[in-house]
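Chemist: target.csv is reproduced in full below (CSV, C-alpha atoms and all ligand atoms).
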```csv
chain,number,residue,atom,x,y,z
A,1485,VAL,CA,34.1,-44.2,-115.0
A,1486,GLU,CA,31.5,-45.9,-117.2
A,1487,THR,CA,28.0,-44.5,-117.8
A,1488,ARG,CA,25.0,-46.4,-116.6
A,1489,ALA,CA,24.0,-46.6,-120.3
A,1490,ALA,CA,27.2,-48.5,-121.1
A,1491,ILE,CA,26.7,-50.8,-118.1
A,1492,ARG,CA,23.1,-51.5,-119.2
A,1493,ALA,CA,24.3,-52.1,-122.8
A,1494,ASP,CA,26.9,-54.6,-121.5
A,1495,LEU,CA,24.2,-56.4,-119.5
A,1496,GLY,CA,22.2,-56.7,-122.7
A,1497,ASP,CA,19.5,-59.4,-122.9
A,1498,CYS,CA,21.3,-61.2,-120.1
A,1499,THR,CA,21.5,-65.0,-120.0
A,1500,ARG,CA,24.3,-65.3,-117.5
A,1501,CYS,CA,22.1,-67.3,-115.0
A,1502,ARG,CA,18.9,-69.4,-115.0
A,1503,LEU,CA,16.7,-66.5,-113.9
A,1504,CYS,CA,16.6,-65.3,-117.5
A,1505,ARG,CA,14.4,-68.3,-118.3
A,1506,THR,CA,11.5,-67.2,-116.1
A,1507,ARG,CA,11.8,-63.4,-116.1
A,1508,THR,CA,9.6,-61.0,-118.1
A,1509,HIS,CA,11.8,-57.9,-117.8
A,1510,ILE,CA,15.3,-57.2,-116.5
A,1511,VAL,CA,15.0,-54.7,-113.6
A,1512,PHE,CA,18.2,-52.7,-114.0
A,1513,GLY,CA,17.5,-50.0,-111.5
A,1514,GLU,CA,16.5,-46.3,-111.7
A,1515,GLY,CA,17.1,-42.9,-110.3
A,1516,ALA,CA,19.5,-40.0,-110.4
A,1517,ALA,CA,22.9,-40.3,-112.0
A,1518,ASP,CA,24.3,-38.2,-109.1
A,1519,ALA,CA,22.3,-39.8,-106.3
A,1520,ARG,CA,23.8,-39.3,-102.9
A,1521,LEU,CA,21.8,-42.3,-101.6
A,1522,VAL,CA,21.3,-45.7,-103.2
A,1523,PHE,CA,18.8,-48.3,-101.9
A,1524,VAL,CA,19.6,-51.9,-102.7
A,1525,GLY,CA,16.9,-54.5,-102.4
A,1526,GLU,CA,16.9,-58.3,-102.9
A,1527,GLY,CA,15.5,-58.8,-106.4
A,1528,PRO,CA,12.4,-58.0,-108.5
A,1529,GLY,CA,9.0,-59.3,-107.4
A,1530,PHE,CA,6.0,-59.9,-109.5
A,1531,GLU,CA,5.1,-56.3,-110.2
A,1532,GLU,CA,8.7,-55.3,-110.9
A,1533,ASP,CA,9.2,-58.2,-113.3
A,1534,ARG,CA,6.0,-57.0,-115.1
A,1535,CYS,CA,7.1,-53.5,-115.6
A,1536,GLY,CA,10.9,-53.6,-115.5
A,1537,ARG,CA,11.1,-51.0,-112.6
A,1538,PRO,CA,12.3,-51.6,-109.0
A,1539,PHE,CA,10.1,-51.3,-106.0
A,1540,VAL,CA,6.8,-50.6,-107.6
A,1541,GLY,CA,4.6,-53.1,-105.7
A,1542,ALA,CA,3.3,-52.9,-102.2
A,1543,ALA,CA,6.8,-52.9,-100.6
A,1544,GLY,CA,7.8,-50.3,-103.1
A,1545,GLN,CA,5.0,-48.0,-102.1
A,1546,LEU,CA,6.2,-48.2,-98.5
A,1547,LEU,CA,9.8,-47.6,-99.7
A,1548,THR,CA,8.6,-44.5,-101.5
A,1549,LYS,CA,7.0,-43.3,-98.3
A,1550,ILE,CA,10.2,-43.9,-96.4
A,1551,VAL,CA,12.1,-41.9,-98.9
A,1552,ALA,CA,9.6,-39.0,-98.6
A,1553,ALA,CA,9.9,-39.2,-94.8
A,1554,MET,CA,13.6,-38.6,-95.3
A,1555,GLN,CA,12.8,-35.4,-97.1
A,1556,LEU,CA,14.0,-36.8,-100.3
A,1557,SER,CA,12.2,-37.6,-103.6
A,1558,ARG,CA,12.3,-41.0,-105.2
A,1559,GLU,CA,13.7,-39.3,-108.3
A,1560,SER,CA,16.7,-37.9,-106.4
A,1561,VAL,CA,17.9,-41.3,-105.1
A,1562,TYR,CA,18.8,-44.5,-107.0
A,1563,ILE,CA,17.1,-47.8,-106.4
A,1564,ALA,CA,18.4,-51.2,-107.5
A,1565,ASN,CA,18.6,-54.8,-106.4
A,1566,ILE,CA,21.2,-57.5,-105.8
A,1567,VAL,CA,19.7,-59.6,-108.7
A,1568,LYS,CA,18.1,-57.9,-111.7
A,1569,CYS,CA,15.7,-60.7,-112.6
A,1570,ARG,CA,12.8,-62.1,-110.6
A,1571,PRO,CA,13.5,-65.4,-108.8
A,1572,PRO,CA,10.5,-67.7,-109.5
A,1573,ASP,CA,7.9,-67.7,-106.8
A,1574,ASN,CA,10.0,-65.0,-105.1
A,1575,ARG,CA,12.4,-67.5,-103.7
A,1576,ASN,CA,15.7,-66.2,-102.4
A,1577,PRO,CA,18.4,-65.6,-105.1
A,1578,GLN,CA,20.9,-68.5,-105.1
A,1579,PRO,CA,24.6,-67.9,-104.5
A,1580,ASP,CA,25.6,-68.5,-108.2
A,1581,GLU,CA,22.9,-66.1,-109.4
A,1582,ILE,CA,24.2,-63.4,-107.0
A,1583,ARG,CA,27.8,-64.1,-108.1
A,1584,GLN,CA,26.8,-63.5,-111.8
A,1585,CYS,CA,24.7,-60.4,-111.1
A,1586,LEU,CA,26.6,-58.5,-108.3
A,1587,PRO,CA,29.4,-57.2,-110.7
A,1588,PHE,CA,26.8,-55.2,-112.5
A,1589,LEU,CA,25.5,-53.6,-109.3
A,1590,LYS,CA,29.2,-52.9,-108.3
A,1591,ARG,CA,29.7,-51.1,-111.7
A,1592,GLN,CA,26.5,-49.1,-111.1
A,1593,LEU,CA,27.8,-48.1,-107.7
A,1594,ALA,CA,31.2,-47.2,-109.1
A,1595,ALA,CA,29.4,-44.9,-111.7
A,1596,ILE,CA,27.1,-43.2,-109.1
A,1597,ARG,CA,29.5,-43.1,-106.1
A,1598,PRO,CA,26.8,-42.4,-103.6
A,1599,ARG,CA,27.6,-41.0,-100.1
A,1600,VAL,CA,25.5,-43.8,-98.5
A,1601,ILE,CA,24.0,-47.2,-99.5
A,1602,CYS,CA,20.9,-48.4,-97.6
A,1603,VAL,CA,20.6,-52.2,-98.1
A,1604,LEU,CA,17.1,-53.6,-97.5
A,1605,GLY,CA,16.5,-56.8,-95.7
A,1606,SER,CA,18.5,-59.8,-94.6
A,1607,VAL,CA,19.1,-61.5,-98.0
A,1608,ALA,CA,20.4,-58.3,-99.6
A,1609,ALA,CA,22.5,-57.2,-96.6
A,1610,ARG,CA,24.1,-60.6,-96.3
A,1611,ALA,CA,24.9,-60.8,-100.0
A,1612,LEU,CA,26.4,-57.2,-100.1
A,1613,LEU,CA,28.4,-57.5,-96.9
A,1614,GLU,CA,29.4,-61.2,-97.4
A,1615,THR,CA,28.3,-62.3,-93.9
A,1616,ASP,CA,25.7,-64.7,-92.5
A,1617,MET,CA,24.8,-62.4,-89.6
A,1618,PRO,CA,21.1,-61.9,-89.0
A,1619,ILE,CA,19.7,-58.5,-90.2
A,1620,SER,CA,18.6,-57.8,-86.6
A,1621,ARG,CA,22.4,-57.7,-85.7
A,1622,LEU,CA,23.5,-56.0,-88.9
A,1623,ARG,CA,21.0,-53.1,-88.9
A,1624,GLY,CA,21.4,-49.9,-87.0
A,1625,ARG,CA,25.1,-49.3,-87.7
A,1626,PHE,CA,27.3,-48.4,-90.7
A,1627,HIS,CA,29.3,-51.1,-92.5
A,1628,THR,CA,31.4,-50.5,-95.6
A,1629,PHE,CA,31.2,-51.7,-99.2
A,1630,MET,CA,33.6,-50.4,-102.0
A,1631,GLY,CA,34.6,-47.7,-99.5
A,1632,ILE,CA,31.0,-46.5,-99.2
A,1633,PRO,CA,29.1,-46.4,-95.9
A,1634,VAL,CA,26.3,-49.0,-95.9
A,1635,MET,CA,23.4,-49.0,-93.5
A,1636,PRO,CA,21.4,-52.2,-93.5
A,1637,THR,CA,17.8,-52.0,-92.4
A,1638,PHE,CA,14.6,-54.1,-92.5
A,1639,HIS,CA,13.0,-54.7,-95.9
A,1640,PRO,CA,9.8,-52.8,-96.5
A,1641,ALA,CA,8.0,-56.1,-97.2
A,1642,PHE,CA,9.0,-57.3,-93.7
A,1643,LEU,CA,7.6,-54.0,-92.3
A,1644,LEU,CA,4.3,-54.6,-93.9
A,1645,ARG,CA,4.0,-57.8,-91.8
A,1646,ASN,CA,5.8,-56.4,-88.8
A,1647,PRO,CA,4.8,-52.7,-88.5
A,1648,GLN,CA,6.2,-52.5,-85.0
A,1649,ARG,CA,9.7,-52.6,-86.6
A,1650,LYS,CA,9.1,-49.2,-88.3
A,1651,ARG,CA,10.6,-47.5,-85.3
A,1652,ASP,CA,13.9,-49.4,-86.0
A,1653,VAL,CA,13.9,-48.4,-89.6
A,1654,TRP,CA,13.2,-44.7,-88.6
A,1655,ASN,CA,16.2,-44.9,-86.4
A,1656,ASP,CA,18.3,-46.3,-89.2
A,1657,VAL,CA,17.2,-43.8,-91.8
A,1658,GLN,CA,17.8,-40.9,-89.4
A,1659,GLN,CA,21.4,-42.0,-89.1
A,1660,ILE,CA,21.6,-41.9,-92.9
A,1661,MET,CA,20.0,-38.4,-93.0
A,1662,LYS,CA,22.7,-37.2,-90.5
A,1663,ARG,CA,25.4,-38.7,-92.6
A,1664,LEU,CA,24.0,-37.0,-95.8
A,1665,GLY,CA,24.0,-33.8,-93.8
A,1701,LIG,N1,11.5,-56.3,-103.3
A,1701,LIG,C1,12.8,-56.1,-103.6
A,1701,LIG,O1,13.7,-56.5,-102.8
A,1701,LIG,N2,13.1,-55.4,-104.7
A,1701,LIG,C2,12.2,-54.9,-105.5
A,1701,LIG,O2,12.6,-54.3,-106.5
A,1701,LIG,C3,10.8,-55.1,-105.2
A,1701,LIG,C4,10.5,-55.8,-104.0
```
Translate the structure described by the file into structure tokens.

Modeler:
Amino acid sequence: VETRAAIRADLGDCTRCRLCRTRTHIVFGEGAADARLVFVGEGPGFEEDRCGRPFVGAAGQLLTKIVAAMQLSRESVYIANIVKCRPPDNRNPQPDEIRQCLPFLKRQLAAIRPRVICVLGSVAARALLETDMPISRLRGRFHTFMGIPVMPTFHPAFLLRNPQRKRDVWNDVQQIMKRLG
């Protein structure tokens, strides 16, 4: 399989969709080459676009705490997004933007071959699983993508506004921990 460096080189200074016009940095993703767990978010926000790294803003700090609660380090997992460039004003990525970008995430997943994917939030879960079911119905059970078990859960940004949903996320990540063994 390809290396992540080869995939990154192919992505280049991407102009495949309109998001290239408003981004500052491409946010390719980061983490361990042999990660057993990959987190997939929706797309870079303001802070991520500024520094070129995924989940470094307020939601990212909560994600880092969730990873620690799973007895894992941020460095040992891999973190990426459905789209690699920030949608202006944090709007949802559009279907054609997802279509252009998703093949790169698929290649990253093929290179890493994690045991489990945790997909964060409704927009990312629907894009990855090609469904329009609400996240409240998708979360809490395993789905499959590229033959890899996928657990959808609430997005950490949603948890910041709805902390009472942290119990549900704890349930979901405990299922992941069991699967990782
Ligand atoms: N939200 C996301 O979905 N992804 C990031 O990288 C940051 C915030």

Chemist: Per residue of chain A within 12 Å of ligand LIG 1701 (chain A), which atom pair is closest and at what distance in Å (one decimal), using all atoms listed in the file, listed by chain and increasing number, as JSON lines?

Modeler:
```
{"residue": "A:His1509", "atom": "CA", "partner": "A:LIG1701", "partner_atom": "O2", "distance": 11.9}
{"residue": "A:Ile1510", "atom": "CA", "partner": "A:LIG1701", "partner_atom": "O2", "distance": 10.8}
{"residue": "A:Val1511", "atom": "CA", "partner": "A:LIG1701", "partner_atom": "O2", "distance": 7.5}
{"residue": "A:Phe1512", "atom": "CA", "partner": "A:LIG1701", "partner_atom": "O2", "distance": 9.5}
{"residue": "A:Gly1513", "atom": "CA", "partner": "A:LIG1701", "partner_atom": "O2", "distance": 8.2}
{"residue": "A:Glu1514", "atom": "CA", "partner": "A:LIG1701", "partner_atom": "O2", "distance": 10.3}
{"residue": "A:Phe1523", "atom": "CA", "partner": "A:LIG1701", "partner_atom": "N2", "distance": 9.5}
{"residue": "A:Val1524", "atom": "CA", "partner": "A:LIG1701", "partner_atom": "O1", "distance": 7.5}
{"residue": "A:Gly1525", "atom": "CA", "partner": "A:LIG1701", "partner_atom": "O1", "distance": 3.8}
{"residue": "A:Glu1526", "atom": "CA", "partner": "A:LIG1701", "partner_atom": "O1", "distance": 3.7}
{"residue": "A:Gly1527", "atom": "CA", "partner": "A:LIG1701", "partner_atom": "N2", "distance": 4.5}
{"residue": "A:Pro1528", "atom": "CA", "partner": "A:LIG1701", "partner_atom": "O2", "distance": 4.2}
{"residue": "A:Gly1529", "atom": "CA", "partner": "A:LIG1701", "partner_atom": "C3", "distance": 5.1}
{"residue": "A:Phe1530", "atom": "CA", "partner": "A:LIG1701", "partner_atom": "C3", "distance": 8.0}
{"residue": "A:Glu1531", "atom": "CA", "partner": "A:LIG1701", "partner_atom": "C3", "distance": 7.7}
{"residue": "A:Glu1532", "atom": "CA", "partner": "A:LIG1701", "partner_atom": "O2", "distance": 6.0}
{"residue": "A:Asp1533", "atom": "CA", "partner": "A:LIG1701", "partner_atom": "O2", "distance": 8.5}
{"residue": "A:Arg1534", "atom": "CA", "partner": "A:LIG1701", "partner_atom": "C3", "distance": 11.2}
{"residue": "A:Cys1535", "atom": "CA", "partner": "A:LIG1701", "partner_atom": "O2", "distance": 10.7}
{"residue": "A:Gly1536", "atom": "CA", "partner": "A:LIG1701", "partner_atom": "O2", "distance": 9.2}
{"residue": "A:Arg1537", "atom": "CA", "partner": "A:LIG1701", "partner_atom": "O2", "distance": 7.1}
{"residue": "A:Pro1538", "atom": "CA", "partner": "A:LIG1701", "partner_atom": "O2", "distance": 3.7}
{"residue": "A:Phe1539", "atom": "CA", "partner": "A:LIG1701", "partner_atom": "O2", "distance": 3.9}
{"residue": "A:Val1540", "atom": "CA", "partner": "A:LIG1701", "partner_atom": "C3", "distance": 6.5}
{"residue": "A:Gly1541", "atom": "CA", "partner": "A:LIG1701", "partner_atom": "C3", "distance": 6.5}
{"residue": "A:Ala1542", "atom": "CA", "partner": "A:LIG1701", "partner_atom": "C4", "distance": 8.0}
{"residue": "A:Ala1543", "atom": "CA", "partner": "A:LIG1701", "partner_atom": "C4", "distance": 5.8}
{"residue": "A:Gly1544", "atom": "CA", "partner": "A:LIG1701", "partner_atom": "C3", "distance": 6.0}
{"residue": "A:Gln1545", "atom": "CA", "partner": "A:LIG1701", "partner_atom": "C3", "distance": 9.7}
{"residue": "A:Leu1546", "atom": "CA", "partner": "A:LIG1701", "partner_atom": "C4", "distance": 10.3}
{"residue": "A:Leu1547", "atom": "CA", "partner": "A:LIG1701", "partner_atom": "C4", "distance": 9.3}
{"residue": "A:Thr1548", "atom": "CA", "partner": "A:LIG1701", "partner_atom": "C3", "distance": 11.4}
{"residue": "A:Tyr1562", "atom": "CA", "partner": "A:LIG1701", "partner_atom": "O2", "distance": 11.6}
{"residue": "A:Ile1563", "atom": "CA", "partner": "A:LIG1701", "partner_atom": "O2", "distance": 7.9}
{"residue": "A:Ala1564", "atom": "CA", "partner": "A:LIG1701", "partner_atom": "O2", "distance": 6.7}
{"residue": "A:Asn1565", "atom": "CA", "partner": "A:LIG1701", "partner_atom": "N2", "distance": 5.8}
{"residue": "A:Ile1566", "atom": "CA", "partner": "A:LIG1701", "partner_atom": "O1", "distance": 8.1}
{"residue": "A:Val1567", "atom": "CA", "partner": "A:LIG1701", "partner_atom": "N2", "distance": 8.8}
{"residue": "A:Lys1568", "atom": "CA", "partner": "A:LIG1701", "partner_atom": "O2", "distance": 8.4}
{"residue": "A:Cys1569", "atom": "CA", "partner": "A:LIG1701", "partner_atom": "O2", "distance": 9.4}
{"residue": "A:Arg1570", "atom": "CA", "partner": "A:LIG1701", "partner_atom": "O2", "distance": 8.8}
{"residue": "A:Pro1571", "atom": "CA", "partner": "A:LIG1701", "partner_atom": "C1", "distance": 10.7}
{"residue": "A:Asn1574", "atom": "CA", "partner": "A:LIG1701", "partner_atom": "N1", "distance": 9.0}
{"residue": "A:Arg1575", "atom": "CA", "partner": "A:LIG1701", "partner_atom": "O1", "distance": 11.1}
{"residue": "A:Asn1576", "atom": "CA", "partner": "A:LIG1701", "partner_atom": "O1", "distance": 9.9}
{"residue": "A:Pro1577", "atom": "CA", "partner": "A:LIG1701", "partner_atom": "O1", "distance": 10.5}
{"residue": "A:Val1603", "atom": "CA", "partner": "A:LIG1701", "partner_atom": "O1", "distance": 9.4}
{"residue": "A:Leu1604", "atom": "CA", "partner": "A:LIG1701", "partner_atom": "O1", "distance": 6.9}
{"residue": "A:Gly1605", "atom": "CA", "partner": "A:LIG1701", "partner_atom": "O1", "distance": 7.6}
{"residue": "A:Ser1606", "atom": "CA", "partner": "A:LIG1701", "partner_atom": "O1", "distance": 10.1}
{"residue": "A:Val1607", "atom": "CA", "partner": "A:LIG1701", "partner_atom": "O1", "distance": 8.8}
{"residue": "A:Ala1608", "atom": "CA", "partner": "A:LIG1701", "partner_atom": "O1", "distance": 7.6}
{"residue": "A:Ala1609", "atom": "CA", "partner": "A:LIG1701", "partner_atom": "O1", "distance": 10.8}
{"residue": "A:Phe1638", "atom": "CA", "partner": "A:LIG1701", "partner_atom": "O1", "distance": 10.6}
{"residue": "A:His1639", "atom": "CA", "partner": "A:LIG1701", "partner_atom": "O1", "distance": 7.2}
{"residue": "A:Pro1640", "atom": "CA", "partner": "A:LIG1701", "partner_atom": "N1", "distance": 7.8}
{"residue": "A:Ala1641", "atom": "CA", "partner": "A:LIG1701", "partner_atom": "N1", "distance": 7.0}
{"residue": "A:Phe1642", "atom": "CA", "partner": "A:LIG1701", "partner_atom": "N1", "distance": 10.0}
{"residue": "A:Leu1643", "atom": "CA", "partner": "A:LIG1701", "partner_atom": "N1", "distance": 11.9}
{"residue": "A:Leu1644", "atom": "CA", "partner": "A:LIG1701", "partner_atom": "C4", "distance": 11.9}
```

Chemist: CA of Asp1656 in chain A to CA of Ser1560 in chain A: how many Å, to one decimal?

Modeler: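 Interatomic distance, CA of Asp1656 in chain A to CA of Ser1560 in chain A: 19.2 Å.
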
Chemist: With distances taken over only C-alpha atoms, which residue among A:Lys1650, A:Ala1611, A:Gln1578, A:Gly1515 lies nearest Lys1549 in chain A?

Modeler: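 Comparing A:Lys1650, A:Ala1611, A:Gln1578, A:Gly1515 against Lys1549 in chain A, the winner is A:Lys1650.
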
Chemist: A:Val1600, A:Gln1555, A:Pro1636, A:Ala1594: which is nearest Pro1618 in chain A, counting only C-alpha atoms?

Modeler: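 So, comparing all the options, the nearest one is A:Pro1636.
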
Chemist: So, counting all atoms listed in the file, which residue among A:Arg1610, A:Arg1507, A:His1627, A:Arg1558 is closest to Ile1582 in chain A?

Modeler: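 Answer, going by the shortest atom-to-atom distance: A:Arg1610.
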
Chemist: Can you work out which one of A:Leu1622, A:Cys1602, A:Val1485, A:Ala1517 has the shortest atom-to-atom distance to Val1551 in chain A, counting all atoms listed in the file?

Modeler: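 Looking at the shortest contact to Val1551 in chain A, the residue is A:Cys1602.
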
Chemist: Counting only C-alpha atoms, which residue out of A:Ala1595, A:Val1653, A:Leu1521, A:Ala1516 sits closest to Arg1492 in chain A?

Modeler: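 The closest residue to Arg1492 in chain A is A:Ala1595.
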
Chemist: Just to confirm, what's the straight-line distance from CA of Glu1614 in chain A to CA of Phe1626 in chain A in Å (one decimal)?

Modeler: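 Interatomic distance, CA of Glu1614 in chain A to CA of Phe1626 in chain A: 14.6 Å.
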
Chemist: In Å to one decimal, how far is CA of Ile1601 in chain A from CA of Thr1637 in chain A?

Modeler: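 Separation of CA of Thr1637 in chain A and CA of Ile1601 in chain A: 10.6 Å.
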
Chemist: For Cys1504 in chain A, which residue among A:Glu1581, A:Asp1518, A:Glu1559, A:Glu1486 is the nearest when counting all atoms listed in the file?

Modeler: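 Selected residue with least distance to Cys1504 in chain A: A:Glu1581.
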
Chemist: Can you pull out the residues contacting Gln1658 in chain A? Cut-off 12 Å, using all atoms listed in the file, and skip same-chain residues under 2 positions away; I want them as a ChimeraX atom specification.

Modeler: /A:1550-1551,1553-1555,1602,1624-1625,1635,1637,1651-1656,1660-1665

Chemist: Mind filling out range 1583-1595 of chain A with N, CA, C and O atoms and sending it as a PDB file, in the coordinates of the input?

Modeler:
```
ATOM      1  N   ARG A1583      26.380 -64.226-107.647  1.00  0.00           N
ATOM      2  CA  ARG A1583      27.800 -64.100-108.100  1.00  0.00           C
ATOM      3  C   ARG A1583      27.778 -63.544-109.572  1.00  0.00           C
ATOM      4  O   ARG A1583      28.640 -62.735-109.925  1.00  0.00           O
ATOM      5  N   GLN A1584      26.839 -63.990-110.406  1.00  0.00           N
ATOM      6  CA  GLN A1584      26.800 -63.500-111.800  1.00  0.00           C
ATOM      7  C   GLN A1584      26.324 -62.053-111.872  1.00  0.00           C
ATOM      8  O   GLN A1584      26.742 -61.308-112.753  1.00  0.00           O
ATOM      9  N   CYS A1585      25.417 -61.679-110.974  1.00  0.00           N
ATOM     10  CA  CYS A1585      24.700 -60.400-111.100  1.00  0.00           C
ATOM     11  C   CYS A1585      25.442 -59.255-110.349  1.00  0.00           C
ATOM     12  O   CYS A1585      25.414 -58.105-110.790  1.00  0.00           O
ATOM     13  N   LEU A1586      26.045 -59.554-109.212  1.00  0.00           N
ATOM     14  CA  LEU A1586      26.600 -58.500-108.300  1.00  0.00           C
ATOM     15  C   LEU A1586      27.641 -57.608-109.053  1.00  0.00           C
ATOM     16  O   LEU A1586      27.686 -56.406-108.768  1.00  0.00           O
ATOM     17  N   PRO A1587      28.463 -58.130-109.993  1.00  0.00           N
ATOM     18  CA  PRO A1587      29.400 -57.200-110.700  1.00  0.00           C
ATOM     19  C   PRO A1587      28.722 -56.053-111.368  1.00  0.00           C
ATOM     20  O   PRO A1587      29.299 -54.956-111.437  1.00  0.00           O
ATOM     21  N   PHE A1588      27.491 -56.254-111.841  1.00  0.00           N
ATOM     22  CA  PHE A1588      26.800 -55.200-112.500  1.00  0.00           C
ATOM     23  C   PHE A1588      26.358 -54.099-111.486  1.00  0.00           C
ATOM     24  O   PHE A1588      26.486 -52.900-111.744  1.00  0.00           O
ATOM     25  N   LEU A1589      25.888 -54.536-110.333  1.00  0.00           N
ATOM     26  CA  LEU A1589      25.500 -53.600-109.300  1.00  0.00           C
ATOM     27  C   LEU A1589      26.800 -52.810-108.837  1.00  0.00           C
ATOM     28  O   LEU A1589      26.751 -51.595-108.632  1.00  0.00           O
ATOM     29  N   LYS A1590      27.915 -53.526-108.744  1.00  0.00           N
ATOM     30  CA  LYS A1590      29.200 -52.900-108.300  1.00  0.00           C
ATOM     31  C   LYS A1590      29.548 -51.780-109.359  1.00  0.00           C
ATOM     32  O   LYS A1590      29.995 -50.685-108.973  1.00  0.00           O
ATOM     33  N   ARG A1591      29.377 -52.080-110.636  1.00  0.00           N
ATOM     34  CA  ARG A1591      29.700 -51.100-111.700  1.00  0.00           C
ATOM     35  C   ARG A1591      28.726 -49.898-111.596  1.00  0.00           C
ATOM     36  O   ARG A1591      29.140 -48.741-111.800  1.00  0.00           O
ATOM     37  N   GLN A1592      27.455 -50.171-111.294  1.00  0.00           N
ATOM     38  CA  GLN A1592      26.500 -49.100-111.100  1.00  0.00           C
ATOM     39  C   GLN A1592      26.923 -48.189-109.933  1.00  0.00           C
ATOM     40  O   GLN A1592      26.868 -46.954-110.017  1.00  0.00           O
ATOM     41  N   LEU A1593      27.337 -48.821-108.850  1.00  0.00           N
ATOM     42  CA  LEU A1593      27.800 -48.100-107.700  1.00  0.00           C
ATOM     43  C   LEU A1593      29.044 -47.271-107.947  1.00  0.00           C
ATOM     44  O   LEU A1593      29.196 -46.145-107.478  1.00  0.00           O
ATOM     45  N   ALA A1594      29.932 -47.863-108.743  1.00  0.00           N
ATOM     46  CA  ALA A1594      31.200 -47.200-109.100  1.00  0.00           C
ATOM     47  C   ALA A1594      30.842 -45.929-109.968  1.00  0.00           C
ATOM     48  O   ALA A1594      31.515 -44.904-109.880  1.00  0.00           O
ATOM     49  N   ALA A1595      29.805 -46.036-110.806  1.00  0.00           N
ATOM     50  CA  ALA A1595      29.400 -44.900-111.700  1.00  0.00           C
ATOM     51  C   ALA A1595      28.711 -43.815-110.848  1.00  0.00           C
ATOM     52  O   ALA A1595      28.937 -42.632-111.089  1.00  0.00           O
TER      53      ALA A1595
END
```
